[in-house]
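Undergrad: Take a look at this one; I'll ask things after.
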Amino acid sequence: MRDIQLQAASFSGALWRAAVLLGLCLLSARDVAAQAKPEALKDFRIDGLVRFHNSVEAEATRERLIRAIWPDGLPKTRPAKHDVAKDAPELASLDAGLLASAKRLDVDVSGFDWHANVYVVTPKSDSPVGSKLAIVHGGHMPEGPANYLAFGLCDTVNQLLRDGYVVAIIQMPLVGWNRDADGVIEGKKFEIRQRSVAGHDELFSKVEPTLKAGTMRFFLEPITQALNELLAEHPSPKQTLMIGLSGGGWTTHLYAAVDPRIDVSIPVAGALPMYARPFSPGSAGDSEQEYGLIFREEDSNKDGVLDRATGIASWLEVFALGGIAPKDGRPRKQIQVLNQFDSCCFNGDVYKTYAEPLKQLTNGINHGDWSIFIDDTHRSHLISPHVLKNLLAKVVAP
């Protein structure tokens, strides 16, 4: 995180930012608790950051966002499938007694010969298999199989399996089990030499000049193709749910905004609006978090606070789109989870400047449903047992 790199002279910038995203930064609970609603935002209004007020305008924003990333619209392609053992190293931390079968999906992102792995686990369940679908996104995870489903992700997958969900488990590019680091765009080969956060910055620097916002395909298209596959096999689920942590929370926010097939989305510790980040320690973002073409905000009255959206979709618009259904679409819901005392990022009370007005605006558009859930039960960067018991358990389909 760029705004606190000076606090860690022993870390390189990239390593420090990666540590922050993994909840290893050194903010104390007292530091975080001190970040009450800042005086500079006492009279802040979100009006300039949400530019739609009805379903037609909201869908126009969704379509602009989709077309910026994929000019031809959401891909209809499906990945290659490979059966894997239930005790494969990538799945070893799961409760094997809950699994009926497992497979690996090999996603070639946009035909760039850039491959992402998605693991799909099928539950032993009394319910019809495939009647409920879930995507669990891990975001930035430390290297090594022991960490593939750390920070509450293993418990999340296990709980969804108990509830009868077929679960697709996804990680960000250049993280965990995603080892592919080269591809071909418009006949030109590119190669990424770094991993995780630093690798994402390198990815943007190398492909963004050609793809512009299409660089987001590397982060989002593995979900699209995996969902295409799940829905081809199970075409009429009661519910399609997505939950993610940190970079996976970021991905959950953005993916739910572009794909209304996600019925319920629960992004955990994934993002704040750009204006709010200076008021939440550690919350300055990486290339994908602050990509100006999409998320740009400007200070229209020069008072030092960003207050006007000038990108394709502000973060508040992305949040709202996650809870807004297209006209005559299935009911949708997004519940943003923020850890109030998070040791990493997106912490404190700054959410109070947007939570209620955004809820009112979203819920007034085609019966949209957006809300916020503040977890004050711990001081870590994770999906907590409190969230699993008091939120996830209450939104799963019967």
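Naming works like this for the structure tokens: A, B, ... for the chains as they're shown, residue 1 at the start of each chain, ligands 1 onward in shown order.
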Using only C-alpha atoms, tabulate the residues of segment 32-114 of chain A lying at most 9 Å from any atom of segment 353-375 of chain A, each with its closest atom pair and that distance in Å to one decimal, by chain and increasing residue number, as CSV.

TA:
residue,atom,partner,partner_atom,distance
A:Lys37,CA,A:Thr353,CA,7.4
A:Leu41,CA,A:Thr353,CA,7.1
A:Lys42,CA,A:Thr353,CA,7.9
A:Asp43,CA,A:Thr353,CA,8.6
A:Phe44,CA,A:Thr353,CA,6.7
A:Arg45,CA,A:Thr353,CA,7.5
A:Ile46,CA,A:Tyr354,CA,6.5
A:Val50,CA,A:Leu358,CA,8.5
A:His53,CA,A:Ile365,CA,7.1
A:Asn54,CA,A:Ile365,CA,5.4
A:Ser55,CA,A:Ile365,CA,5.6
A:Ala58,CA,A:Ile365,CA,8.3

Undergrad: What's the 6 Å shell around segment 250-263 of chain A, counting only C-alpha atoms, without same-chain residues fewer than 3 positions away, as a list in words?

TA: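 Contacts, with the query itself left out: Arg62, Ile66, Thr240, Leu241, Gly244, Gly247, Pro267, Gly270, Ala271, Val318, Leu321, Gly322 and Arg332 of chain A.
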
Undergrad: Selection from above, C-alpha atoms, as a short mmCIF file (atom, residue, chain, number, x, y, z; two decimals), in the first residue's frame, can you write it?

TA:
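Output file again_0.cif is given in full below:
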data_model
loop_
_atom_site.label_atom_id
_atom_site.label_comp_id
_atom_site.auth_asym_id
_atom_site.auth_seq_id
_atom_site.Cartn_x
_atom_site.Cartn_y
_atom_site.Cartn_z
CA ARG A 62 -23.44 -1.91 -16.54
CA ILE A 66 -18.97 -4.80 -19.73
CA THR A 240 -25.85 -18.58 -7.58
CA LEU A 241 -23.79 -17.09 -4.76
CA GLY A 244 -14.54 -13.52 -1.75
CA GLY A 247 -8.54 -9.34 -3.66
CA PRO A 267 -17.44 -9.21 -0.91
CA GLY A 270 -12.42 -5.96 -0.79
CA ALA A 271 -12.80 -2.26 -1.61
CA VAL A 318 -19.96 -0.89 -8.88
CA LEU A 321 -24.77 -2.65 -9.64
CA GLY A 322 -23.96 -5.77 -7.61
CA ARG A 332 -30.33 -9.88 -6.48
#

Undergrad: What does the distance from atom CA of Pro145 of chain A to atom CA of Gly97 of chain A come to in Å, to one decimal?

TA: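 Result for atom CA of Pro145 of chain A versus atom CA of Gly97 of chain A: 19.3 Å, one decimal.
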
Undergrad: Could you pull the residues within 6 Å of Ser283 of chain A, counting only C-alpha atoms, minus those fewer than 3 positions along the same chain, as a list in words?

TA: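 The residues that qualify are Arg277, Ser280, Cys345 and Phe346 of chain A.
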
Undergrad: Could you tell me, as a compact mmCIF listing (two decimals) with C-alpha atoms, in the first residue's frame, which residues of segment 17-142 of chain A DSSP assigns to helix (DSSP H, G or I) when given the backbone?

TA:
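Saved the output as states29.txt:
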# COMPACT_ATOMS: atom_id res chain seq x y z
CA ARG A 17 1.95 -4.00 -0.28
CA ALA A 18 1.58 -7.76 -0.59
CA ALA A 19 1.99 -8.12 3.17
CA VAL A 20 -0.71 -5.55 3.74
CA LEU A 21 -3.15 -7.40 1.52
CA ALA A 29 -6.34 -2.09 16.83
CA ARG A 30 -5.99 1.27 18.59
CA ASP A 31 -4.81 2.90 15.32
CA VAL A 32 -7.81 1.49 13.46
CA ALA A 33 -10.34 2.33 16.13
CA GLU A 39 -14.25 15.73 10.07
CA ALA A 40 -13.36 16.37 6.41
CA LEU A 41 -16.29 14.13 5.40
CA ASP A 47 -24.51 12.49 -5.34
CA GLY A 48 -21.53 13.12 -7.62
CA LEU A 49 -20.32 9.53 -7.37
CA SER A 55 -32.98 0.95 -13.95
CA VAL A 56 -32.42 2.25 -17.48
CA GLU A 57 -29.48 4.41 -16.39
CA ALA A 58 -28.09 1.65 -14.19
CA GLU A 59 -28.18 -0.90 -17.01
CA ALA A 60 -26.52 1.58 -19.35
CA THR A 61 -23.66 1.87 -16.86
CA ARG A 62 -23.44 -1.91 -16.54
CA GLU A 63 -23.30 -2.27 -20.32
CA ARG A 64 -20.57 0.39 -20.66
CA LEU A 65 -18.52 -1.43 -18.04
CA ILE A 66 -18.97 -4.80 -19.73
CA ARG A 67 -18.10 -3.43 -23.18
CA ALA A 68 -15.02 -1.65 -21.88
CA ILE A 69 -13.70 -4.98 -20.63
CA PRO A 89 -2.99 -30.87 -2.81
CA GLU A 90 -5.02 -27.82 -3.82
CA LEU A 91 -8.04 -29.20 -1.93
CA ALA A 96 -12.92 -34.74 2.39
CA GLY A 97 -16.02 -36.26 3.97
CA LEU A 98 -18.12 -33.50 2.40
CA VAL A 109 -8.43 -16.17 -20.91
CA SER A 110 -9.76 -14.62 -24.15
CA GLY A 111 -7.72 -17.05 -26.22

Undergrad: Determine, counting only C-alpha atoms, which protein, DNA and RNA residues have an atom within 12 Å of an atom of His140 of chain A; residues of the same chain fewer than 4 positions away are not included. Present the result as a PDB file with C-alpha atoms, in the first residue's frame.

TA:
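This went into out17.pdb:
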ATOM      1  CA  ARG A  17       1.947  -3.999  -0.277  1.00  0.00           C
ATOM      2  CA  ALA A  18       1.581  -7.763  -0.587  1.00  0.00           C
ATOM      3  CA  ALA A  19       1.993  -8.116   3.167  1.00  0.00           C
ATOM      4  CA  VAL A  20      -0.714  -5.549   3.742  1.00  0.00           C
ATOM      5  CA  LEU A  21      -3.151  -7.405   1.518  1.00  0.00           C
ATOM      6  CA  LEU A  22      -2.468 -10.571   3.481  1.00  0.00           C
ATOM      7  CA  GLY A  23      -3.263  -8.933   6.801  1.00  0.00           C
ATOM      8  CA  ASN A 147      -2.216 -21.421   2.294  1.00  0.00           C
ATOM      9  CA  TYR A 148      -4.465 -21.949  -0.723  1.00  0.00           C
ATOM     10  CA  LEU A 149      -7.613 -21.767   1.422  1.00  0.00           C
ATOM     11  CA  ALA A 150      -6.366 -19.794   4.415  1.00  0.00           C
ATOM     12  CA  PHE A 151      -7.969 -16.844   6.245  1.00  0.00           C
ATOM     13  CA  LEU A 153     -11.737 -19.604   3.016  1.00  0.00           C
ATOM     14  CA  ILE A 170     -10.920 -19.327  -7.786  1.00  0.00           C
ATOM     15  CA  GLN A 171      -7.739 -17.366  -7.165  1.00  0.00           C
ATOM     16  CA  MET A 172      -6.355 -14.224  -8.775  1.00  0.00           C
ATOM     17  CA  PRO A 173      -3.868 -14.413 -11.652  1.00  0.00           C
ATOM     18  CA  LEU A 174      -0.249 -14.965 -10.600  1.00  0.00           C
ATOM     19  CA  VAL A 175      -1.384 -16.146  -7.154  1.00  0.00           C
ATOM     20  CA  GLY A 176      -1.420 -19.577  -5.510  1.00  0.00           C
ATOM     21  CA  TRP A 177      -2.129 -22.366  -7.959  1.00  0.00           C
ATOM     22  CA  ASN A 178      -2.212 -19.990 -10.951  1.00  0.00           C
ATOM     23  CA  ARG A 195       3.964 -12.813  -8.608  1.00  0.00           C
ATOM     24  CA  SER A 196       0.939 -11.561  -6.688  1.00  0.00           C
ATOM     25  CA  VAL A 197       0.594  -7.785  -6.214  1.00  0.00           C
ATOM     26  CA  ALA A 198       3.824  -6.899  -8.004  1.00  0.00           C
ATOM     27  CA  GLY A 199       2.853  -9.270 -10.813  1.00  0.00           C
ATOM     28  CA  HIS A 200      -0.508  -7.563 -11.195  1.00  0.00           C
ATOM     29  CA  PHE A 219      -9.097 -11.114 -13.256  1.00  0.00           C
ATOM     30  CA  GLY A 244     -14.539 -13.518  -1.751  1.00  0.00           C
ATOM     31  CA  LEU A 245     -11.886 -12.128   0.572  1.00  0.00           C
ATOM     32  CA  SER A 246      -9.494  -9.202   0.016  1.00  0.00           C
ATOM     33  CA  GLY A 247      -8.536  -9.339  -3.663  1.00  0.00           C
ATOM     34  CA  GLY A 248     -11.343 -11.884  -3.888  1.00  0.00           C
ATOM     35  CA  GLY A 249     -13.663  -9.333  -2.312  1.00  0.00           C
ATOM     36  CA  TRP A 250     -12.517  -6.801  -4.906  1.00  0.00           C
ATOM     37  CA  THR A 251     -13.240  -9.368  -7.608  1.00  0.00           C
ATOM     38  CA  ALA A 269     -12.714  -6.619   2.930  1.00  0.00           C
ATOM     39  CA  GLY A 270     -12.422  -5.963  -0.791  1.00  0.00           C
ATOM     40  CA  ASP A 286      -2.936  -1.824  -6.493  1.00  0.00           C
ATOM     41  CA  HIS A 381      -7.988  -9.835   7.575  1.00  0.00           C
ATOM     42  CA  LEU A 382     -10.253 -12.822   7.023  1.00  0.00           C
TER      43      LEU A 382
END

Undergrad: Provide the atom CA of Thr156 of chain A to atom CA of His82 of chain A distance in Å, to one decimal place.

TA: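 Atom CA of Thr156 of chain A sits 23.8 Å away from atom CA of His82 of chain A.
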
Undergrad: Atom CA of Ala325 of chain A and atom CA of Gln239 of chain A, how far apart in Å?

TA: 13.9 Å
